[in-house]
>>> print(open('work.txt').read())   # compact mmCIF, C-alpha atoms
# COMPACT_ATOMS: atom_id res chain seq x y z
CA MET A 1 0.00 0.00 0.00
CA GLY A 2 2.91 2.32 0.79
CA ALA A 3 4.22 2.01 -2.75
CA THR A 4 0.78 2.67 -4.13
CA LEU A 5 0.37 5.81 -2.04
CA MET A 6 3.84 6.98 -3.06
CA GLY A 7 2.84 6.58 -6.70
CA ALA A 8 -0.25 8.68 -6.06
CA ARG A 9 1.84 11.44 -4.52
CA THR A 10 4.20 11.34 -7.46
CA ASN A 11 1.33 11.79 -9.88
CA SER A 12 0.03 14.59 -7.58
CA THR A 13 -3.58 14.39 -8.67
CA ALA A 14 -6.52 13.58 -6.45
CA SER A 15 -8.13 11.31 -9.05
CA VAL A 16 -5.05 9.06 -9.29
CA TRP A 17 -4.70 8.99 -5.50
CA GLN A 18 -8.32 7.97 -5.13
CA SER A 19 -8.04 5.29 -7.79
CA ASN A 20 -4.93 3.76 -6.26
CA LEU A 21 -6.43 3.91 -2.78
CA ALA A 22 -9.52 2.10 -3.98
CA VAL A 23 -7.41 -0.59 -5.68
CA SER A 24 -5.28 -0.99 -2.56
CA THR A 25 -8.31 -1.29 -0.32
CA ARG A 26 -9.90 -3.86 -2.62
CA ARG A 27 -6.68 -5.87 -2.47
CA THR A 28 -6.70 -5.67 1.31
CA VAL A 29 -10.30 -6.85 1.43
CA ALA A 30 -9.49 -9.66 -1.03
CA ARG A 31 -6.51 -10.74 1.10
CA ASP A 32 -8.73 -10.82 4.17
CA LEU A 33 -11.28 -12.89 2.32
CA HIS A 34 -8.54 -15.33 1.32
CA SER A 35 -7.06 -15.49 4.84
CA HIS A 36 -10.30 -16.11 6.67
CA ALA A 37 -13.12 -18.45 6.02
CA THR A 38 -15.65 -15.60 6.20
CA VAL A 39 -15.65 -11.84 6.61
CA PRO A 40 -18.68 -10.33 8.35
CA VAL A 41 -20.83 -8.40 5.91
CA LYS A 42 -20.81 -5.45 8.30
CA CYS A 43 -17.00 -5.23 8.16
CA LEU A 44 -17.01 -5.46 4.39
CA CYS A 45 -19.59 -2.67 4.12
CA GLN A 46 -17.57 -0.51 6.49
CA ALA A 47 -14.45 -0.95 4.38
CA ILE A 48 -16.29 -0.03 1.19
CA ASP A 49 -17.88 2.96 2.91
CA SER A 50 -14.45 4.13 4.10
CA VAL A 51 -13.19 4.15 0.52
CA ARG A 52 -16.26 6.12 -0.58
CA GLN A 53 -15.79 8.70 2.18
CA LEU A 54 -12.10 9.16 1.35
CA ARG A 55 -12.87 9.62 -2.32
CA LEU A 56 -15.48 12.28 -1.53
CA ALA A 57 -13.13 14.05 0.87
CA CYS A 58 -10.40 14.22 -1.76
CA ALA A 59 -12.62 15.26 -4.66
CA PRO A 60 -11.85 18.85 -5.68
CA MET A 61 -14.90 21.01 -5.00
CA ALA A 62 -14.60 22.56 -8.45
CA GLN A 63 -15.48 19.16 -9.89
CA LEU A 64 -18.68 18.95 -7.83
CA VAL A 65 -20.37 22.27 -8.70
CA THR A 66 -20.13 25.04 -11.24
CA ASP A 67 -18.12 28.16 -10.44
CA SER A 68 -21.37 30.14 -10.21
CA ILE A 69 -22.74 27.86 -7.49
CA ALA A 70 -19.41 27.64 -5.67
CA GLY A 71 -19.45 31.42 -5.30
CA LEU A 72 -22.99 31.62 -3.91
CA ALA A 73 -23.86 32.27 -0.29
CA PRO A 74 -27.04 30.58 1.03
CA TYR A 75 -30.11 32.79 1.29
CA GLN A 76 -30.41 34.26 4.78
CA GLY A 77 -33.91 34.98 5.96
CA GLY A 78 -34.84 37.05 8.97
CA LYS A 79 -33.53 35.56 12.20
CA PRO A 80 -36.16 33.24 13.72
CA ILE A 81 -37.54 34.13 17.16
CA GLU A 82 -36.55 30.70 18.48
CA GLU A 83 -32.95 31.18 17.37
CA LEU A 84 -32.60 34.52 19.13
CA ALA A 85 -34.17 33.04 22.27
CA ARG A 86 -31.59 30.24 22.28
CA GLU A 87 -28.64 32.50 21.57
CA ARG A 88 -29.31 35.27 24.06
CA GLY A 89 -31.67 33.77 26.60
CA LEU A 90 -34.51 36.16 25.76
CA SER A 91 -38.22 35.45 26.00
CA ASP A 92 -39.90 38.75 25.06
CA ILE A 93 -39.03 39.07 21.38
CA VAL A 94 -40.52 41.09 18.53
CA LYS A 95 -39.72 39.96 15.00
CA LEU A 96 -39.91 42.71 12.39
CA ALA A 97 -37.50 41.23 9.86
CA SER A 98 -39.35 39.07 7.33
CA ASN A 99 -42.24 41.25 6.15
CA GLU A 100 -44.83 38.93 7.65
CA SER A 101 -48.42 39.99 8.25
CA ALA A 102 -48.99 41.94 11.45
CA LEU A 103 -52.43 40.36 11.97
CA GLY A 104 -51.79 36.86 10.69
CA PRO A 105 -54.07 34.87 8.40
CA SER A 106 -57.80 35.07 8.01
CA PRO A 107 -59.62 32.92 10.59
CA LEU A 108 -61.53 31.45 7.66
CA ALA A 109 -58.25 30.31 6.12
CA VAL A 110 -57.15 28.70 9.38
CA GLU A 111 -60.46 26.86 9.68
CA ALA A 112 -60.20 25.65 6.08
CA ALA A 113 -56.68 24.36 6.71
CA ALA A 114 -57.87 22.51 9.82
CA ARG A 115 -60.73 20.88 7.90
CA ALA A 116 -58.32 19.79 5.16
CA LEU A 117 -56.12 17.94 7.63
CA LYS A 118 -58.42 14.94 7.63
CA ASN A 119 -57.38 14.34 4.01
CA ALA A 120 -53.68 14.87 4.63
CA HIS A 121 -52.98 11.29 3.55
CA ARG A 122 -54.15 12.21 0.04
CA TYR A 123 -52.08 13.97 -2.61
CA PRO A 124 -53.37 17.43 -3.47
CA ASP A 125 -54.90 18.24 -6.84
CA GLY A 126 -51.74 18.76 -8.88
CA ALA A 127 -53.52 21.16 -11.21
CA ALA A 128 -54.95 23.11 -8.24
CA PHE A 129 -58.27 23.42 -10.05
CA ARG A 130 -60.25 25.04 -7.24
CA LEU A 131 -57.47 27.45 -6.26
CA ARG A 132 -56.68 28.51 -9.81
CA SER A 133 -60.40 28.89 -10.54
CA ALA A 134 -60.80 31.15 -7.51
CA ILE A 135 -57.81 33.27 -8.54
CA ALA A 136 -59.04 33.49 -12.13
CA GLU A 137 -62.48 34.64 -11.00
CA PHE A 138 -60.97 37.12 -8.53
CA HIS A 139 -58.88 38.80 -11.24
CA GLY A 140 -61.23 38.36 -14.18
CA VAL A 141 -58.86 36.16 -16.19
CA THR A 142 -59.17 32.65 -17.60
CA PHE A 143 -58.23 29.48 -15.73
CA GLY A 144 -55.46 28.75 -18.25
CA GLU A 145 -53.79 32.09 -17.52
CA VAL A 146 -53.16 31.21 -13.85
CA LEU A 147 -50.19 29.26 -12.50
CA HIS A 148 -49.81 28.17 -8.86
CA GLY A 149 -46.53 27.90 -7.00
CA ASN A 150 -44.86 27.06 -3.72
CA GLY A 151 -44.63 30.76 -3.00
CA SER A 152 -43.86 33.14 -5.85
CA ASN A 153 -40.19 32.29 -5.35
CA GLU A 154 -40.72 28.88 -6.95
CA LEU A 155 -42.29 30.56 -9.96
CA LEU A 156 -39.31 32.91 -10.37
CA GLU A 157 -36.99 29.93 -10.56
CA LEU A 158 -39.39 28.10 -12.84
CA VAL A 159 -39.24 31.00 -15.33
CA VAL A 160 -35.45 30.74 -15.53
CA ARG A 161 -35.51 26.93 -15.75
CA THR A 162 -38.17 26.94 -18.46
CA PHE A 163 -37.14 29.78 -20.72
CA MET A 164 -33.39 30.28 -20.29
CA THR A 165 -30.09 28.60 -21.11
CA PRO A 166 -26.60 29.53 -19.87
CA ASP A 167 -25.92 31.49 -23.07
CA GLN A 168 -28.89 33.77 -22.39
CA HIS A 169 -29.21 36.88 -20.27
CA VAL A 170 -31.54 38.14 -17.54
CA ILE A 171 -31.86 41.68 -16.15
CA PHE A 172 -33.02 42.85 -12.73
CA GLY A 173 -32.33 45.72 -10.35
CA ARG A 174 -29.80 46.24 -7.55
CA PRO A 175 -30.77 46.32 -4.77
CA ALA A 176 -33.77 44.08 -5.37
CA PHE A 177 -35.05 40.77 -4.05
CA SER A 178 -31.84 38.87 -3.32
CA MET A 179 -33.08 35.59 -4.79
CA TYR A 180 -32.93 36.99 -8.34
CA SER A 181 -29.15 36.78 -8.45
CA VAL A 182 -29.16 33.46 -6.60
CA ILE A 183 -31.53 31.92 -9.15
CA ALA A 184 -29.57 33.28 -12.12
CA ALA A 185 -26.21 32.16 -10.76
CA GLY A 186 -27.61 28.82 -9.67
CA HIS A 187 -28.62 28.09 -13.26
CA ASN A 188 -25.38 29.53 -14.66
CA VAL A 189 -27.32 32.24 -16.51
CA GLN A 190 -25.74 35.57 -17.43
CA PHE A 191 -27.28 38.53 -15.61
CA SER A 192 -27.08 42.30 -15.31
CA ALA A 193 -27.99 43.81 -11.94
CA VAL A 194 -28.87 47.41 -12.81
CA PRO A 195 -28.32 49.93 -9.97
CA THR A 196 -31.33 51.89 -8.77
CA ASP A 197 -31.30 55.67 -8.94
CA ALA A 198 -30.33 58.00 -6.08
CA ASN A 199 -33.76 57.51 -4.49
CA LEU A 200 -33.44 53.71 -4.69
CA VAL A 201 -36.11 53.49 -7.40
CA HIS A 202 -35.60 51.08 -10.29
CA ASP A 203 -33.94 52.83 -13.25
CA LEU A 204 -36.08 51.58 -16.12
CA ASP A 205 -34.18 53.47 -18.84
CA ALA A 206 -30.95 51.87 -17.66
CA MET A 207 -32.62 48.46 -17.73
CA VAL A 208 -33.77 48.95 -21.32
CA ALA A 209 -30.23 50.03 -22.24
CA GLN A 210 -28.92 46.71 -20.88
CA VAL A 211 -31.06 44.62 -23.25
CA ARG A 212 -28.90 42.47 -25.54
CA ASP A 213 -29.65 40.16 -28.42
CA ASN A 214 -29.53 37.23 -25.98
CA THR A 215 -31.65 38.86 -23.26
CA LYS A 216 -34.57 36.57 -22.53
CA VAL A 217 -36.06 37.77 -19.22
CA ILE A 218 -36.35 40.99 -17.19
CA ILE A 219 -37.51 40.75 -13.57
CA LEU A 220 -38.90 43.86 -11.89
CA ASP A 221 -40.16 43.90 -8.32
CA ASN A 222 -42.68 46.66 -7.81
CA PRO A 223 -42.66 47.79 -5.08
CA ASN A 224 -39.03 46.94 -4.66
CA ASN A 225 -37.79 44.71 -1.87
CA PRO A 226 -35.79 45.89 0.12
CA THR A 227 -36.38 49.57 -0.61
CA GLY A 228 -40.19 49.79 -0.61
CA THR A 229 -40.01 52.26 -3.51
CA TYR A 230 -42.10 51.84 -6.63
CA VAL A 231 -42.24 52.71 -10.31
CA GLU A 232 -45.36 54.71 -11.14
CA LYS A 233 -47.97 53.59 -13.66
CA GLU A 234 -47.02 55.73 -16.69
CA ARG A 235 -43.31 54.94 -16.47
CA LEU A 236 -44.03 51.25 -16.07
CA ALA A 237 -46.42 51.21 -19.05
CA ARG A 238 -43.84 52.97 -21.22
CA PHE A 239 -41.17 50.50 -20.11
CA LEU A 240 -43.36 47.51 -20.96
CA ARG A 241 -43.85 48.88 -24.47
CA GLN A 242 -40.14 49.66 -24.93
CA VAL A 243 -38.80 46.22 -24.08
CA PRO A 244 -38.49 43.98 -27.18
CA GLU A 245 -41.38 41.56 -27.49
CA SER A 246 -39.00 38.60 -27.51
CA VAL A 247 -38.16 39.36 -23.86
CA ILE A 248 -40.36 37.99 -21.08
CA VAL A 249 -41.02 40.65 -18.44
CA VAL A 250 -41.77 39.29 -14.97
CA LEU A 251 -43.49 41.75 -12.63
CA ASP A 252 -42.94 40.58 -9.08
CA GLU A 253 -45.80 42.17 -7.14
CA ALA A 254 -45.43 40.39 -3.80
CA TYR A 255 -46.48 43.54 -1.92
CA PHE A 256 -49.13 44.73 -4.36
CA GLU A 257 -52.00 44.85 -1.86
CA PHE A 258 -50.26 47.47 0.30
CA GLY A 259 -49.86 50.06 -2.47
CA ASP A 260 -52.08 53.12 -2.03
CA ALA A 261 -50.31 55.89 -3.98
CA PRO A 262 -52.55 57.46 -6.65
CA ASP A 263 -50.14 56.44 -9.44
CA TYR A 264 -49.30 53.03 -8.02
CA PRO A 265 -49.74 50.53 -10.88
CA ASP A 266 -51.60 47.25 -11.08
CA GLY A 267 -49.53 45.01 -13.34
CA LEU A 268 -52.60 43.02 -14.37
CA ALA A 269 -54.17 46.21 -15.73
CA LEU A 270 -51.13 46.70 -18.00
CA ARG A 271 -51.29 43.35 -19.78
CA ASP A 272 -52.31 45.08 -23.01
CA CYS A 273 -48.88 46.77 -23.10
CA ARG A 274 -47.14 43.58 -24.15
CA GLU A 275 -47.81 39.92 -24.81
CA ASN A 276 -44.91 38.37 -22.90
CA LEU A 277 -45.79 39.65 -19.44
CA LEU A 278 -46.02 37.47 -16.33
CA VAL A 279 -47.38 39.03 -13.13
CA LEU A 280 -46.53 37.28 -9.86
CA ARG A 281 -48.45 37.62 -6.60
CA THR A 282 -48.27 35.82 -3.26
CA PHE A 283 -50.39 34.84 -0.27
CA SER A 284 -47.38 35.20 2.04
CA LYS A 285 -47.61 38.92 2.79
CA ALA A 286 -50.98 40.66 2.97
CA TYR A 287 -52.88 37.38 3.25
CA GLY A 288 -50.68 36.16 6.11
CA LEU A 289 -50.01 32.67 4.74
CA ALA A 290 -46.20 32.80 4.72
CA GLY A 291 -46.02 29.44 6.47
CA PHE A 292 -48.29 27.82 3.88
CA ARG A 293 -46.14 28.79 0.86
CA VAL A 294 -48.63 29.74 -1.83
CA GLY A 295 -47.96 32.08 -4.72
CA TYR A 296 -49.36 32.47 -8.21
CA GLY A 297 -48.70 33.97 -11.60
CA VAL A 298 -50.97 35.40 -14.27
CA GLY A 299 -49.80 35.50 -17.87
CA PRO A 300 -50.50 34.37 -21.43
CA GLU A 301 -51.78 30.82 -21.54
CA ARG A 302 -48.98 29.69 -23.86
CA LEU A 303 -46.37 30.82 -21.29
CA ILE A 304 -48.28 29.14 -18.48
CA ASN A 305 -48.43 25.91 -20.49
CA TYR A 306 -44.65 25.83 -20.86
CA LEU A 307 -44.13 26.58 -17.17
CA ASN A 308 -46.49 23.79 -16.22
CA ARG A 309 -44.29 21.30 -18.07
CA LEU A 310 -41.49 21.80 -15.53
CA ARG A 311 -43.58 22.66 -12.49
CA ALA A 312 -43.09 20.05 -9.79
CA PRO A 313 -46.12 17.79 -9.27
CA PHE A 314 -48.15 18.53 -6.15
CA ASN A 315 -46.08 21.68 -5.54
CA VAL A 316 -48.77 23.32 -3.39
CA SER A 317 -50.14 21.16 -0.60
CA LEU A 318 -53.81 20.31 -0.16
CA ILE A 319 -53.90 22.23 3.12
CA SER A 320 -52.26 25.30 1.58
CA GLN A 321 -54.65 25.32 -1.36
CA GLU A 322 -57.70 25.24 0.88
CA ALA A 323 -56.30 27.99 3.12
CA ALA A 324 -55.53 30.22 0.14
CA ILE A 325 -58.99 29.81 -1.36
CA CYS A 326 -60.63 31.02 1.85
CA ALA A 327 -58.06 33.76 2.42
CA LEU A 328 -58.77 35.15 -1.04
CA ALA A 329 -62.49 35.25 -0.27
CA ASP A 330 -62.13 37.03 3.08
CA HIS A 331 -62.12 40.62 1.83
CA GLU A 332 -62.81 42.06 5.27
CA HIS A 333 -59.73 40.52 6.83
CA LEU A 334 -57.57 41.77 3.97
CA ARG A 335 -59.04 45.26 4.43
CA LYS A 336 -58.11 45.22 8.14
CA VAL A 337 -54.55 44.08 7.39
CA VAL A 338 -53.98 46.73 4.74
CA SER A 339 -55.64 49.49 6.77
CA LEU A 340 -53.49 48.78 9.84
CA ASN A 341 -50.32 48.51 7.77
CA ASN A 342 -50.83 51.69 5.83
CA SER A 343 -51.78 53.82 8.83
CA GLU A 344 -48.83 52.48 10.81
CA ARG A 345 -46.58 53.00 7.79
CA VAL A 346 -47.32 56.72 7.90
CA ARG A 347 -46.79 56.94 11.65
CA LEU A 348 -43.66 54.81 11.74
CA SER A 349 -42.10 56.65 8.80
CA SER A 350 -42.63 59.95 10.58
CA GLU A 351 -41.09 58.66 13.82
CA LEU A 352 -38.14 57.03 12.08
CA ALA A 353 -37.26 60.30 10.37
CA ARG A 354 -35.80 61.37 13.73
CA PHE A 355 -33.09 58.75 13.30
CA GLY A 356 -32.20 58.95 9.63
CA ARG A 357 -33.38 59.10 6.03
CA VAL A 358 -36.62 57.19 5.49
CA PHE A 359 -37.43 55.98 1.98
CA PRO A 360 -41.12 56.29 1.03
CA SER A 361 -42.65 52.82 1.00
CA GLN A 362 -45.59 51.16 -0.70
CA ALA A 363 -44.99 47.84 1.06
CA ASN A 364 -45.32 46.46 4.58
CA PHE A 365 -41.78 47.45 5.49
CA ILE A 366 -39.70 50.61 5.65
CA LEU A 367 -36.06 51.16 4.70
CA VAL A 368 -34.15 53.69 6.79
CA ASP A 369 -30.61 54.96 6.32
CA LEU A 370 -29.19 55.55 9.80
CA GLY A 371 -25.92 57.05 8.57
CA GLU A 372 -23.70 54.63 10.50
CA PRO A 373 -22.85 50.92 10.23
CA SER A 374 -26.14 49.09 10.47
CA ALA A 375 -24.62 45.73 11.43
CA GLN A 376 -23.75 47.05 14.88
CA ILE A 377 -27.18 48.60 15.33
CA TYR A 378 -28.84 45.38 14.22
CA ASP A 379 -26.85 43.39 16.77
CA ALA A 380 -27.62 45.85 19.56
CA LEU A 381 -31.33 45.64 18.72
CA LEU A 382 -31.13 41.87 19.09
CA ASP A 383 -30.01 42.43 22.69
CA GLN A 384 -33.21 44.46 23.10
CA GLY A 385 -35.27 41.54 21.77
CA VAL A 386 -36.08 43.26 18.48
CA ILE A 387 -35.27 41.51 15.20
CA VAL A 388 -34.96 43.66 12.07
CA ARG A 389 -33.07 43.13 8.81
CA PRO A 390 -29.67 44.47 7.70
CA ILE A 391 -29.36 44.65 3.91
CA PRO A 392 -26.26 43.41 2.05
CA GLY A 393 -24.86 46.21 -0.07
CA LEU A 394 -26.57 48.93 1.99
CA ALA A 395 -24.12 49.21 4.85
CA THR A 396 -25.92 51.92 6.82
CA HIS A 397 -29.51 50.84 6.20
CA LEU A 398 -32.00 48.67 8.05
CA ARG A 399 -35.24 47.23 6.71
CA LEU A 400 -38.03 47.26 9.27
CA THR A 401 -41.24 45.29 8.88
CA ILE A 402 -44.36 47.18 9.92
CA GLY A 403 -45.98 45.37 12.82
CA THR A 404 -48.83 46.15 15.18
CA ALA A 405 -48.87 49.52 16.94
CA ALA A 406 -47.41 47.92 20.08
CA GLU A 407 -44.64 46.18 18.11
CA ASN A 408 -43.78 49.38 16.29
CA ASP A 409 -43.61 51.28 19.59
CA ARG A 410 -41.27 48.61 20.92
CA LEU A 411 -39.06 49.04 17.86
CA LEU A 412 -38.93 52.83 18.18
CA SER A 413 -38.07 52.63 21.85
CA ALA A 414 -35.32 50.06 21.32
CA LEU A 415 -33.86 51.94 18.37
CA GLY A 416 -33.80 55.16 20.36
CA LYS A 417 -31.92 53.47 23.19
CA VAL A 418 -29.40 51.84 20.88
CA LEU A 419 -28.64 55.01 18.95
CA GLN A 420 -28.37 57.05 22.13
CA ASN A 421 -25.83 54.62 23.53
>>> encode(input="work.txt", output="structure tokens")
Amino acid sequence: MGATLMGARTNSTASVWQSNLAVSTRRTVARDLHSHATVPVKCLCQAIDSVRQLRLACAPMAQLVTDSIAGLAPYQGGKPIEELARERGLSDIVKLASNESALGPSPLAVEAAARALKNAHRYPDGAAFRLRSAIAEFHGVTFGEVLHGNGSNELLELVVRTFMTPDQHVIFGRPAFSMYSVIAAGHNVQFSAVPTDANLVHDLDAMVAQVRDNTKVIILDNPNNPTGTYVEKERLARFLRQVPESVIVVLDEAYFEFGDAPDYPDGLALRDCRENLLVLRTFSKAYGLAGFRVGYGVGPERLINYLNRLRAPFNVSLISQEAAICALADHEHLRKVVSLNNSERVRLSSELARFGRVFPSQANFILVDLGEPSAQIYDALLDQGVIVRPIPGLATHLRLTIGTAAENDRLLSALGKVLQN
């Protein structure tokens, strides 16, 4: 074995070393088989497993994944309450980091989910007929124009998987929803992340200027996450007409329900501006079903048909479908959620202006520039039992989810103490 290992070192490649090691180990096992009447199966399996583990340990990582995946960092969501409790021994914690609903889901949705549990041993309707029918009726579109997803995030990835190859190009903003770059890099797709303007609003003219012959998709979140800013209706309509028809424009409207500005656009009302337009919505935010993972898209039936060919079967659970159907029908609960959010958004924005620059928001969160390193402020707020969100690339900013009045008061008090100290 020593000679074999020496030969591997001489060749100085991991593949040769692994091959020689495997041969040597097989010889050792064969010798043992010859020397003894029997070798316990367990021992033999352990020897084979040892070879496998050594081969994996020696395999260069570059051979396991593409460079684009090797350079990715895992998506980091808002810190869970349970994690902060474990780390710092706290019990009274307010989480304002993940843009979750302040009032939670509709009671009707919870009741529907509970009723559906008795059929949990059954697969859900893979075509989500009842859910898609409810969404189609709600928006005045056809059944074939609706696609369901495990949150709108699954649909974003499905667009890239379905319509793009590594030699094609996607455009989105920066900053924007962080999963855009993760999805593009994960599929080894070329991308341009176009900087927002000085007010952190998407620069649509700059996006149009980035269109190439191989551009296949543009993703625009409106309002933008993490800034809360939005592109007004006329500018968006002009943009949709300017983009070449061969490009699929994806409007990510995860926070649509919270928009109340007079010129705030409804992407579904702009479908006559272009054929290749896909509008994404979610039940995670205003409808309070983040834990159920239900999103949907509305677009031309031919696009939906292609997306359905790669959509995972049973991607939205039976329980989630039933909850979403009832959540969509509970208009009164949605009105309460939006009313509370938008009134608190005005109040919280005014109060936060004492601490730094507040960016006008049309979402259920607010971005504030505190003018000093936000990582330290974020950590100090954790000690106060308040979880918010630092934003990569915006070193002095924090994103703050709008909670109940009591939660927002807790945030303001904690932030005041931290900045004073």
>>> closest_residue(input="work.txt", among="A:Arg399, A:Arg410, A:Lys417, A:His331", to="Phe138 in chain A", atoms="all atoms listed in the file")
A:His331
>>> closest_atom_pairs(input="work.txt", of="range 63-179 of chain A", to="range 319-325 of chain A", cutoff="12 Å", atoms="all atoms listed in the file", output="CSV")
residue,atom,partner,partner_atom,distance
A:Pro105,CA,A:Ala323,CA,9.0
A:Ser106,CA,A:Ala323,CA,8.7
A:Pro107,CA,A:Ala323,CA,9.5
A:Leu108,CA,A:Ala323,CA,7.7
A:Ala109,CA,A:Ala323,CA,4.3
A:Val110,CA,A:Ala323,CA,6.4
A:Glu111,CA,A:Ala323,CA,7.8
A:Ala112,CA,A:Ala323,CA,5.4
A:Ala113,CA,A:Ile319,CA,5.0
A:Ala114,CA,A:Ile319,CA,7.8
A:Arg115,CA,A:Ile319,CA,8.4
A:Ala116,CA,A:Ile319,CA,5.4
A:Leu117,CA,A:Ile319,CA,6.6
A:Lys118,CA,A:Ile319,CA,9.7
A:Asn119,CA,A:Ile319,CA,8.7
A:Ala120,CA,A:Ile319,CA,7.5
A:His121,CA,A:Ile319,CA,11.0
A:Arg122,CA,A:Ile319,CA,10.5
A:Tyr123,CA,A:Ile319,CA,10.2
A:Pro124,CA,A:Ile319,CA,8.2
A:Asp125,CA,A:Gln321,CA,9.0
A:Gly126,CA,A:Gln321,CA,10.4
A:Ala127,CA,A:Gln321,CA,10.8
A:Ala128,CA,A:Gln321,CA,7.2
A:Phe129,CA,A:Gln321,CA,9.6
A:Arg130,CA,A:Ile325,CA,7.7
A:Leu131,CA,A:Ile325,CA,5.6
A:Arg132,CA,A:Ile325,CA,8.9
A:Ser133,CA,A:Ile325,CA,9.3
A:Ala134,CA,A:Ile325,CA,6.5
A:Ile135,CA,A:Ile325,CA,8.1
A:Ala136,CA,A:Ile325,CA,11.4
A:Glu137,CA,A:Ile325,CA,11.3
A:Phe138,CA,A:Ile325,CA,10.4
A:His148,CA,A:Gln321,CA,9.4
A:Gly149,CA,A:Gln321,CA,10.2
A:Asn150,CA,A:Ser320,CA,9.3
A:Gly151,CA,A:Ser320,CA,10.4
>>> closest_atom_pairs(input="work.txt", of="range 152-209 of chain A", to="range 353-360 of chain A", cutoff="12 Å", atoms="all atoms listed in the file", output="Markdown table")
| residue | atom | partner | partner_atom | distance |
| --- | --- | --- | --- | --- |
| A:Ala198 | CA | A:Phe359 | CA | 10.9 |
| A:Asn199 | CA | A:Phe359 | CA | 7.6 |
| A:Leu200 | CA | A:Phe359 | CA | 8.1 |
| A:Val201 | CA | A:Phe359 | CA | 9.8 |
>>> closest_residue(input="work.txt", among="A:Leu278, A:Pro175, A:Ile219, A:Leu236", to="Leu204 in chain A", atoms="all atoms listed in the file")
A:Leu236
>>> closest_residue(input="work.txt", among="A:Leu158, A:Val94, A:Leu382, A:Val243", to="Leu307 in chain A", atoms="all atoms listed in the file")
A:Leu158
>>> closest_atom_pairs(input="work.txt", of="range 288-385 of chain A", to="range 159-162 of chain A", cutoff="9 Å", atoms="only C-alpha atoms", output="CSV")
residue,atom,partner,partner_atom,distance
A:Tyr306,CA,A:Thr162,CA,7.0
A:Leu307,CA,A:Thr162,CA,6.1
A:Arg309,CA,A:Thr162,CA,8.3
A:Leu310,CA,A:Thr162,CA,6.8
>>> atom_distance(input="work.txt", atom1="CA of Asp203 in chain A", atom2="CA of Leu251 in chain A")
14.6 Å
>>> residues_around(input="work.txt", residues="Ser361 in chain A", least_positions_apart="5", cutoff="9 Å", atoms="only C-alpha atoms", output="ChimeraX atom specification")
/A:223-224,227-230,259,345,349,366-367
>>> residues_near_point(input="work.txt", point="(-49.8, 38.1, -12.2)", cutoff="9 Å", atoms="only C-alpha atoms", output="list in words")
Glu145, Val146, Leu147, Val250, Leu251, Asp252, Glu253, Gly267, Leu268, Leu277, Leu278, Val279, Leu280, Arg281, Tyr296, Gly297, Val298 and Gly299 of chain A
>>> atom_distance(input="work.txt", atom1="CA of Ser98 in chain A", atom2="CA of Ser178 in chain A")
13.0 Å
>>> atom_distance(input="work.txt", atom1="CA of Ser343 in chain A", atom2="CA of Gly140 in chain A")
29.3 Å
>>> closest_residue(input="work.txt", among="A:Asp330, A:Asp263, A:Asp383, A:Asp213", to="His169 in chain A", atoms="all atoms listed in the file")
A:Asp213
>>> closest_residue(input="work.txt", among="A:Val217, A:Ala329, A:Cys273, A:Met179", to="Ser246 in chain A", atoms="all atoms listed in the file")
A:Val217
>>> closest_residue(input="work.txt", among="A:Glu157, A:Asp260, A:Leu370, A:Leu103", to="His187 in chain A", atoms="only C-alpha atoms")
A:Glu157
>>> residues_around(input="work.txt", residues="Pro74 in chain A", least_positions_apart="2", cutoff="12 Å", atoms="all atoms listed in the file", output="list in words")
Ile69, Ala70, Gly71, Leu72, Gln76, Gly77, Ser178, Met179, Ser181, Val182, Ile183, Ala185 and Gly186 of chain A
>>> residues_around(input="work.txt", residues="Ala85 in chain A", least_positions_apart="6", cutoff="12 Å", atoms="only C-alpha atoms", output="PyMOL selection string")
chain A and resi 79+91-95+382-387
>>> write_last_selection(input="work.txt", atoms="C-alpha atoms", output="JSON list (two decimals), in the frame of the given file")
[["chain", "number", "residue", "atom", "x", "y", "z"],
["A", 79, "LYS", "CA", -33.53, 35.56, 12.20],
["A", 91, "SER", "CA", -38.22, 35.45, 26.00],
["A", 92, "ASP", "CA", -39.90, 38.75, 25.06],
["A", 93, "ILE", "CA", -39.03, 39.07, 21.38],
["A", 94, "VAL", "CA", -40.52, 41.09, 18.53],
["A", 95, "LYS", "CA", -39.72, 39.96, 15.00],
["A", 382, "LEU", "CA", -31.13, 41.87, 19.09],
["A", 383, "ASP", "CA", -30.01, 42.43, 22.69],
["A", 384, "GLN", "CA", -33.21, 44.46, 23.10],
["A", 385, "GLY", "CA", -35.27, 41.54, 21.77],
["A", 386, "VAL", "CA", -36.08, 43.26, 18.48],
["A", 387, "ILE", "CA", -35.27, 41.51, 15.20]]
>>> residues_around(input="work.txt", residues="Ile171 in chain A", least_positions_apart="2", cutoff="8 Å", atoms="all atoms listed in the file", output="list in words")
His169, Gly173, Phe191, Ser192, Ala193, Val194, Met207, Gln210, Val211, Thr215, Val217, Ile218 and Ile219 of chain A
>>> residues_around(input="work.txt", residues="range 391-393 of chain A", least_positions_apart="4", cutoff="12 Å", atoms="all atoms listed in the file", output="list in words")
Ala73, Tyr75, Gln76, Gly77, Gly78, Ala97, Ser98, Arg174, Pro175, Ala176, Phe177, Ser178, Pro195, Asn225, Pro226, Thr227, Leu367, Val368, Asp369, Pro373, Ser374, Ala375, Tyr378, His397, Leu398, Arg399 and Leu400 of chain A
>>> axis_aligned_box(input="work.txt", around="range 239-251 of chain A", padding_each_side="3 Å", output="JSON")
{"center_x": -41.0, "center_y": 44.2, "center_z": -20.1, "size_x": 11.7, "size_y": 18.5, "size_z": 20.9}
>>> decode(input="work.txt", residues="range 338-342 of chain A", atoms="C-alpha atoms", output="compact mmCIF listing (two decimals), in the first residue's frame")
# COMPACT_ATOMS: atom_id res chain seq x y z
CA VAL A 338 -53.98 46.73 4.74
CA SER A 339 -55.64 49.49 6.77
CA LEU A 340 -53.49 48.78 9.84
CA ASN A 341 -50.32 48.51 7.77
CA ASN A 342 -50.83 51.69 5.83
